[in-house]
Structure formats: structure tokens, C-alpha cells
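Novice: Contents are compact mmCIF, C-alpha atoms; file name query.txt:
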# COMPACT_ATOMS: atom_id res chain seq x y z
CA MET A 1489 16.35 6.90 2.78
CA SER A 1490 13.32 6.53 5.02
CA ARG A 1491 12.39 3.97 7.63
CA ILE A 1492 9.18 3.23 9.52
CA ASP A 1493 9.47 1.64 12.96
CA VAL A 1494 6.41 0.16 14.66
CA LYS A 1495 7.06 -0.80 18.27
CA SER A 1496 4.77 -2.64 20.71
CA LEU A 1497 1.66 -1.43 18.85
CA ASN A 1498 -1.74 -2.21 20.33
CA LEU A 1499 -4.68 -1.40 18.10
CA SER A 1500 -8.39 -2.07 18.46
CA ALA A 1501 -11.70 -1.14 16.86
CA ALA A 1502 -14.65 -0.83 19.24
CA ASP A 1503 -14.26 -3.88 21.52
CA LYS A 1504 -12.21 -5.94 19.07
CA VAL A 1505 -8.43 -6.24 19.46
CA LEU A 1506 -6.78 -6.01 16.02
CA CYS A 1507 -3.07 -5.97 16.91
CA ARG A 1508 -1.40 -6.89 20.17
CA ASP A 1509 2.23 -5.89 20.78
CA LEU A 1510 3.10 -5.63 17.06
CA SER A 1511 6.67 -4.63 16.20
CA PHE A 1512 8.37 -4.43 12.81
CA SER A 1513 10.54 -2.10 10.72
CA LEU A 1514 9.91 -1.17 7.09
CA ASN A 1515 13.10 -0.08 5.34
CA HIS A 1516 13.82 1.37 1.93
CA ARG A 1517 13.67 -1.09 -0.98
CA GLU A 1518 11.68 -3.57 1.11
CA CYS A 1519 8.29 -4.87 0.04
CA TRP A 1520 6.13 -6.19 2.89
CA GLY A 1521 2.87 -8.05 2.48
CA LEU A 1522 0.04 -7.56 5.00
CA LEU A 1523 -2.26 -10.58 5.16
CA GLY A 1524 -5.31 -11.59 7.18
CA LYS A 1525 -8.98 -12.36 6.70
CA ASN A 1526 -11.73 -9.75 6.40
CA GLY A 1527 -12.00 -7.67 9.55
CA ALA A 1528 -8.59 -8.71 10.88
CA GLY A 1529 -7.38 -5.09 10.87
CA LYS A 1530 -5.32 -4.61 7.70
CA THR A 1531 -6.91 -1.28 6.75
CA SER A 1532 -6.85 0.00 10.34
CA LEU A 1533 -3.14 -0.81 10.63
CA ILE A 1534 -2.29 0.97 7.38
CA GLN A 1535 -4.28 4.04 8.44
CA SER A 1536 -2.51 4.09 11.80
CA ILE A 1537 0.92 3.97 10.16
CA ALA A 1538 -0.12 6.84 7.88
CA GLY A 1539 -1.13 8.92 10.89
CA LEU A 1540 -4.83 8.82 9.97
CA ARG A 1541 -6.08 6.67 12.86
CA GLU A 1542 -5.45 6.63 16.59
CA PHE A 1543 -4.06 3.51 18.22
CA ASN A 1544 -4.21 2.31 21.82
CA SER A 1545 -0.53 2.23 22.73
CA GLY A 1546 2.95 1.76 21.33
CA THR A 1547 4.85 3.96 18.90
CA ILE A 1548 4.98 4.51 15.15
CA LYS A 1549 8.05 6.44 14.05
CA LEU A 1550 9.23 7.73 10.70
CA ASN A 1551 12.97 8.28 10.63
CA ASP A 1552 13.09 8.23 14.46
CA THR A 1553 10.34 10.86 14.78
CA ASN A 1554 6.82 10.05 15.95
CA VAL A 1555 4.42 10.29 13.00
CA LYS A 1556 2.11 12.42 15.15
CA GLU A 1557 4.74 15.17 15.25
CA PHE A 1558 4.78 15.73 11.47
CA ARG A 1559 2.69 18.36 9.75
CA ARG A 1560 0.35 16.79 7.19
CA SER A 1561 2.28 18.33 4.26
CA GLU A 1562 5.58 16.97 5.63
CA LEU A 1563 4.15 13.52 6.19
CA ALA A 1564 2.65 13.47 2.67
CA ARG A 1565 6.12 13.89 1.20
CA GLU A 1566 7.27 10.80 3.08
CA ILE A 1567 4.26 8.46 3.18
CA GLY A 1568 1.73 7.85 0.41
CA ILE A 1569 -1.39 5.74 0.85
CA LEU A 1570 -3.61 3.99 -1.67
CA PHE A 1571 -7.04 3.66 -0.10
CA GLN A 1572 -9.04 0.47 -0.51
CA ASP A 1573 -12.08 2.40 -1.77
CA GLY A 1574 -10.03 4.04 -4.54
CA LEU A 1575 -10.92 7.39 -6.05
CA GLU A 1576 -13.99 9.37 -5.28
CA THR A 1577 -15.86 10.57 -8.35
CA LEU A 1578 -14.23 13.96 -8.78
CA PRO A 1579 -15.28 16.65 -11.30
CA SER A 1580 -11.88 16.49 -12.96
CA THR A 1581 -9.94 14.85 -15.76
CA VAL A 1582 -7.48 12.00 -15.39
CA LEU A 1583 -4.52 14.38 -15.77
CA GLU A 1584 -5.91 16.86 -13.26
CA THR A 1585 -6.48 14.05 -10.77
CA VAL A 1586 -2.98 12.62 -11.18
CA MET A 1587 -1.56 16.13 -10.71
CA LEU A 1588 -3.14 16.19 -7.23
CA GLY A 1589 -0.29 13.91 -6.19
CA ARG A 1590 2.04 16.93 -6.43
CA HIS A 1591 0.00 18.92 -3.89
CA PRO A 1592 2.53 18.46 -1.03
CA TYR A 1593 5.16 20.16 -3.22
CA VAL A 1594 3.04 22.99 -4.70
CA GLN A 1595 4.84 26.32 -4.85
CA SER A 1596 2.10 28.32 -6.57
CA LEU A 1597 -1.68 28.11 -6.41
CA PHE A 1598 -2.01 29.71 -9.83
CA LYS A 1599 0.44 27.89 -12.09
CA ASP A 1600 1.54 24.25 -12.39
CA ASN A 1601 5.26 23.70 -12.20
CA SER A 1602 6.77 22.21 -15.38
CA ASP A 1603 8.68 19.60 -13.35
CA ASP A 1604 5.44 18.54 -11.63
CA ILE A 1605 3.73 18.20 -15.01
CA ALA A 1606 6.61 16.03 -16.27
CA ILE A 1607 6.34 13.76 -13.20
CA ALA A 1608 2.59 13.38 -13.77
CA GLN A 1609 3.08 12.63 -17.46
CA LYS A 1610 5.62 9.92 -16.60
CA ALA A 1611 3.08 8.33 -14.24
CA LEU A 1612 0.43 8.42 -16.98
CA ALA A 1613 2.86 6.64 -19.30
CA ASP A 1614 3.89 4.10 -16.65
CA PHE A 1615 0.29 3.01 -16.15
CA SER A 1616 -0.90 3.29 -19.77
CA LEU A 1617 -3.18 6.26 -19.16
CA GLN A 1618 -1.96 8.74 -21.81
CA GLU A 1619 -4.82 8.07 -24.20
CA ILE A 1620 -7.47 8.79 -21.56
CA GLN A 1621 -5.74 11.65 -19.73
CA HIS A 1622 -8.39 14.18 -20.81
CA ARG A 1623 -11.39 12.03 -19.89
CA GLN A 1624 -13.52 12.83 -16.86
CA ILE A 1625 -13.02 10.57 -13.84
CA ASN A 1626 -16.75 9.79 -13.66
CA SER A 1627 -16.57 8.25 -17.15
CA LEU A 1628 -13.99 5.60 -16.20
CA SER A 1629 -14.38 1.94 -15.34
CA GLY A 1630 -13.40 0.62 -11.91
CA GLY A 1631 -10.10 -0.71 -13.24
CA GLU A 1632 -9.25 2.57 -14.95
CA LYS A 1633 -9.98 4.51 -11.75
CA GLN A 1634 -7.69 2.17 -9.82
CA ARG A 1635 -4.85 2.81 -12.28
CA VAL A 1636 -5.43 6.56 -11.97
CA ALA A 1637 -5.31 6.30 -8.16
CA ILE A 1638 -2.00 4.42 -8.35
CA ALA A 1639 -0.63 6.93 -10.88
CA MET A 1640 -1.60 9.78 -8.52
CA LEU A 1641 0.20 7.99 -5.69
CA THR A 1642 3.42 7.56 -7.67
CA THR A 1643 3.20 11.20 -8.75
CA GLN A 1644 3.31 12.04 -5.04
CA SER A 1645 6.75 10.34 -5.00
CA PRO A 1646 6.64 9.25 -1.35
CA ASN A 1647 9.49 7.40 0.31
CA MET A 1648 7.06 4.87 1.75
CA TYR A 1649 4.11 3.38 -0.14
CA LEU A 1650 1.15 1.99 1.84
CA LEU A 1651 -1.19 0.08 -0.47
CA ASP A 1652 -4.61 -1.16 0.63
CA GLU A 1653 -5.79 -3.79 -1.87
CA PRO A 1654 -3.90 -2.43 -4.92
CA SER A 1655 -5.28 -5.17 -7.21
CA ASN A 1656 -8.91 -4.11 -6.70
CA HIS A 1657 -10.83 -3.99 -10.04
CA LEU A 1658 -7.72 -4.94 -12.03
CA ASP A 1659 -7.46 -7.88 -14.39
CA ILE A 1660 -4.52 -10.26 -14.11
CA ALA A 1661 -2.41 -8.52 -16.76
CA TYR A 1662 -2.76 -5.12 -15.11
CA GLN A 1663 -2.05 -6.60 -11.66
CA MET A 1664 1.30 -7.92 -12.89
CA ASP A 1665 2.17 -4.81 -14.86
CA ILE A 1666 1.30 -2.35 -12.09
CA LEU A 1667 3.07 -4.22 -9.31
CA ASN A 1668 6.18 -4.73 -11.44
CA THR A 1669 6.15 -0.99 -12.16
CA LEU A 1670 5.79 -0.20 -8.46
CA LEU A 1671 8.73 -2.47 -7.62
CA ARG A 1672 10.86 -0.60 -10.17
CA ARG A 1673 9.81 2.62 -8.43
CA LEU A 1674 11.01 1.26 -5.10
CA THR A 1675 14.44 0.65 -6.58
CA GLU A 1676 14.61 4.01 -8.37
CA GLN A 1677 13.47 6.01 -5.33
CA ASN A 1678 15.05 3.88 -2.57
CA ALA A 1679 11.48 3.60 -1.27
CA GLY A 1680 9.70 0.94 0.79
CA MET A 1681 6.24 -0.58 0.42
CA LEU A 1682 3.63 -2.26 2.62
CA MET A 1683 0.84 -3.95 0.65
CA ALA A 1684 -2.38 -5.21 2.22
CA THR A 1685 -4.09 -7.78 0.03
CA HIS A 1686 -6.53 -10.69 0.10
CA ASP A 1687 -4.51 -12.42 -2.62
CA ILE A 1688 -1.93 -14.62 -0.91
CA ASN A 1689 -0.39 -15.67 -4.22
CA LEU A 1690 0.00 -12.09 -5.42
CA ALA A 1691 1.72 -11.18 -2.17
CA ALA A 1692 3.95 -14.25 -2.34
CA ARG A 1693 5.07 -13.22 -5.82
CA PHE A 1694 6.03 -9.64 -5.00
CA CYS A 1695 6.77 -9.45 -1.25
CA THR A 1696 9.72 -10.83 0.68
CA LYS A 1697 8.54 -10.03 4.22
CA PHE A 1698 5.12 -10.42 5.80
CA ILE A 1699 2.81 -9.39 8.61
CA LEU A 1700 0.08 -11.94 9.27
CA LEU A 1701 -2.92 -10.84 11.34
CA PHE A 1702 -5.05 -13.27 13.31
CA GLU A 1703 -8.58 -12.61 14.57
CA ASN A 1704 -7.58 -12.51 18.23
CA GLY A 1705 -5.01 -9.73 17.84
CA GLU A 1706 -2.07 -12.10 17.51
CA THR A 1707 0.42 -11.21 14.77
CA LEU A 1708 3.37 -12.86 13.07
CA CYS A 1709 6.14 -10.97 11.26
CA GLY A 1710 9.05 -12.27 9.27
CA SER A 1711 10.33 -13.52 5.95
CA SER A 1712 8.19 -15.38 3.44
CA GLU A 1713 9.91 -18.61 4.49
CA GLU A 1714 8.93 -18.02 8.12
CA ILE A 1715 5.35 -16.82 7.58
CA LEU A 1716 3.98 -18.42 4.42
CA ASN A 1717 3.31 -21.98 5.44
CA GLN A 1718 0.16 -24.10 5.59
CA GLU A 1719 -0.12 -24.02 9.37
CA ASN A 1720 0.10 -20.22 9.75
CA LEU A 1721 -2.18 -19.41 6.84
CA SER A 1722 -4.80 -22.02 7.72
CA ARG A 1723 -5.00 -20.67 11.26
CA ALA A 1724 -5.16 -17.03 10.13
CA TYR A 1725 -7.86 -17.58 7.50
CA GLY A 1726 -9.93 -20.16 9.38
CA CYS A 1727 -9.81 -22.75 6.61
CA GLU A 1728 -7.35 -25.37 5.46
CA ILE A 1729 -4.85 -23.92 2.98
CA HIS A 1730 -2.44 -26.06 1.00
CA LYS A 1731 0.87 -25.07 -0.57
CA VAL A 1732 2.31 -26.07 -3.93
CA GLU A 1733 5.96 -25.32 -4.61
CA THR A 1734 7.32 -25.02 -8.16
CA ASP A 1735 10.84 -24.22 -9.33
CA SER A 1736 10.19 -20.48 -9.05
CA ARG A 1737 6.86 -19.95 -7.25
CA LEU A 1738 4.90 -20.73 -4.13
CA LEU A 1739 1.17 -21.20 -4.70
CA PHE A 1740 -1.52 -21.44 -2.04
CA PHE A 1741 -5.08 -22.67 -2.39
CA PRO A 1742 -7.93 -23.67 -0.05
CA ALA A 1743 -8.46 -27.37 0.44
Re-express the file's structure as C-alpha cells.
Specialist:
Amino acid sequence: MSRIDVKSLNLSAADKVLCRDLSFSLNHRECWGLLGKNGAGKTSLIQSIAGLREFNSGTIKLNDTNVKEFRRSELAREIGILFQDGLETLPSTVLETVMLGRHPYVQSLFKDNSDDIAIAQKALADFSLQEIQHRQINSLSGGEKQRVAIAMLTTQSPNMYLLDEPSNHLDIAYQMDILNTLLRRLTEQNAGMLMATHDINLAARFCTKFILLFENGETLCGSSEEILNQENLSRAYGCEIHKVETDSRLLFFPA
């Protein structure tokens, strides 16, 4: 069971401070939401946690080991990332693309392992991609490509999922279906997830803990009860945000 510990992290881009003294721990079976307006640093933070971006100071550890000390293949077995830009247009089929998720585990360059194929086929089924598995990636819609990217990520079977705008290009039905499927994966794998999103309501529905980024590098971390209130969100997004509470849901909307 894996754990990511971020301690006293300071992160900036050019002359802009994105995070100042950020500390939090992501444990297995936890789903964290990462919120903040455009340019607040959500993507930069996710890339830093994945070991893809340098940060100014502080530490990011995976299971008590600095992420910088892992070989890329080792880190890929532990941390999987869904990029905001989704899939590049690859000269490959849906199945071939999803199979790329097994690359950190490849034992032979010449023959696909039957277990790897079974894992990929399960991902295709989970995200309703069986009927298009032989289509070329460049023939797909934006929403189909996003589902393929998520299927490839789950085929990787990481212990920690880092998702940058997972609902991009997806209609409401697919957003609910895919995130419910990912939450089942967390339980099955004892995995954890950090999800950056612009959709406060989507995050409120699926996440129990939050990181809120402000434009000046200030951050807030804590439970949904601590973070998701009108004052915090209005200040972070630079506009007045109201909250409506139902029997089972919190809903947020701009005034």
C-alpha cells in the first residue's frame, strides 16, 4: 500500500509563486481533489509529484523514498498520470494504445504477455471501448480519446493515480461512469487518487479531501467540510460562489 508525502513544498513558474510551504499526505483508498483557477498551478503540482517537473524546495516522497531516486520504470509502476492534453494522435489502434499501459511490466519486446492482454481487455470493457478497440486513434472523437487515455492509465495499474482534468471532452453520463469506475479501482487496488479539475461540483461528489490553490501561492488542505465553503472558494476563484446543500449533495455556483 503506497503513500505520497509532500512536505514544505515551494513551487514556482517563471516569476510566479504557485505553492508556498505546501504539505499533505495522499494515502491508499483516498481521493483528493485539487482545485484552483486557471494558472494557479494545478498541472505544475501534479507534474512535480510525478517526478516530471523540478520544484524550488521541499520534499516529495513515495513510500519514504524521494521520488527523484526512483528509476522511471520503477516510478511508473507506482504512479500513473493522466495528462490534461490527453492522447497524442498515435499511428495505432485503441487496443495497441491501451496496451502501452503495460510497458513498465514488459518482459519481452517481441511477444505480448497473456496476462497483460487480459488486463487491457478488462480496461476496454470497463470504459465501454470493446467495439472500437480495432479503430485507429486518429479516427476517434475527443471524448473517445479521453476514455482510451483513462483505460491506458488503469491498464498501467499504478498504486497512485494523478488525474489532470479527467472530465475533459466527456459528457455528463461518461463523467459519472468513469469516475465511479475509477473509485472502484481504488478500492480493488488499495490505490490513492489526486484529481485536478475545474468542476467544483464533480470534485465535491467524488473527493473527500482537498487542496485549494490561491493565486498568491497560498494553499489550503483538508477535508471537504474544512475546504469547500463559500468564503474559501470565492477567494480562490476571484468571484462570489454560493453553496446549496441538499440531503446528499453539496452544490456550488457563481453568484
Novice: Return the single residue from A:Leu1612, A:Val1732, A:Ile1688, A:Leu1628 that is closest to Leu1700 of chain A, with distances computed using all atoms listed in the file.
Specialist: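 Ranked by minimum distance to Leu1700 of chain A, first place goes to A:Ile1688.
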Novice: Rounded to one decimal in Å, what is the spacing between atom CA of Glu1653 of chain A and atom CA of Lys1530 of chain A?
Specialist: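 Atom CA of Glu1653 of chain A sits 9.6 Å away from atom CA of Lys1530 of chain A.
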Novice: List as a tab-separated table every residue of segment 1642-1667 of chain A that is in contact with segment 1533-1544 of chain A, defined as an atom at most 10 Å from one of its atoms (using all atoms listed in the file), together with the nearest atom pair and the distance in Å rounded to one decimal, sorted by chain and then rising number.
Specialist:
residue	atom	partner	partner_atom	distance
A:Met1648	CA	A:Ala1538	CA	9.6
A:Tyr1649	CA	A:Ala1538	CA	9.7
A:Leu1650	CA	A:Ile1534	CA	6.6
A:Leu1651	CA	A:Ile1534	CA	8.0
A:Asp1652	CA	A:Ile1534	CA	7.4
Novice: Please determine, counting only C-alpha atoms, which residue among A:Ser1627, A:Gln1572, A:Thr1669, A:Thr1685 has the shortest atom-to-atom distance to Asp1614 of chain A.
Specialist: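 Under the stated criterion, the closest residue is A:Thr1669.
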Novice: Which one is closest to Leu1739 of chain A: A:Thr1642, A:Arg1693, A:Glu1706, A:Asn1720? Count only C-alpha atoms.
Specialist: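 Of A:Thr1642, A:Arg1693, A:Glu1706, A:Asn1720, the one nearest Leu1739 of chain A is A:Arg1693, counting only C-alpha atoms.
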Novice: Measuring atom to atom with all atoms listed in the file, identify which of A:Leu1583, A:Ala1743, A:Leu1563, A:Leu1708 is nearest to Ser1645 of chain A.
Specialist: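 Comparing A:Leu1583, A:Ala1743, A:Leu1563, A:Leu1708 against Ser1645 of chain A, the winner is A:Leu1563.
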Novice: With all atoms listed in the file as the basis for distance, which of A:Ala1606, A:Leu1506, A:Leu1575, A:Thr1581 is at the shortest distance from Lys1525 of chain A?
Specialist: A:Leu1506
Novice: Compare A:Val1594, A:Ile1548, A:Met1587, A:Met1681 by their minimum atom-to-atom distance to Ser1561 of chain A, counting all atoms listed in the file, and give me the closest one.
Specialist: A:Val1594
Novice: Please indicate the distance in Å from atom CA of Asn1717 of chain A to atom CA of His1730 of chain A, rounded to one decimal place.
Specialist: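 Atom CA of His1730 of chain A lies 8.3 Å from atom CA of Asn1717 of chain A.
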Novice: One number please: atom CA of Glu1719 of chain A to atom CA of Ala1691 of chain A, in Å, one decimal.
Specialist: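 The value is 17.4 Å.
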Novice: Write out as CSV a residue-level contact list of segment 1515-1585 of chain A versus segment 1712-1716 of chain A with cut-off 12 Å: for each qualifying residue the closest pair of atoms and the distance in Å to one decimal, counting only C-alpha atoms, rows sorted by chain and residue number upward.
Specialist:
residue,atom,partner,partner_atom,distance
A:Cys1519,CA,A:Ser1712,CA,11.0
A:Trp1520,CA,A:Ser1712,CA,9.4
A:Gly1521,CA,A:Ser1712,CA,9.1
A:Leu1522,CA,A:Ile1715,CA,11.0
A:Leu1523,CA,A:Leu1716,CA,10.0
A:Gly1524,CA,A:Leu1716,CA,11.9
Novice: Go ahead and write the residues just picked, C-alpha atoms, as a CSV table (one decimal), in the frame of the given file.
Specialist:
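Saved file selection35.csv follows:
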chain,number,residue,atom,x,y,z
A,1519,CYS,CA,8.3,-4.9,0.0
A,1520,TRP,CA,6.1,-6.2,2.9
A,1521,GLY,CA,2.9,-8.0,2.5
A,1522,LEU,CA,0.0,-7.6,5.0
A,1523,LEU,CA,-2.3,-10.6,5.2
A,1524,GLY,CA,-5.3,-11.6,7.2
Novice: Within 7 Å of segment 1496-1499 of chain A, counting all atoms listed in the file, which residues show up once you throw out same-chain ones fewer than 4 positions away? Write them as a ChimeraX atom specification, please.
Specialist: /A:1505-1511,1543-1547
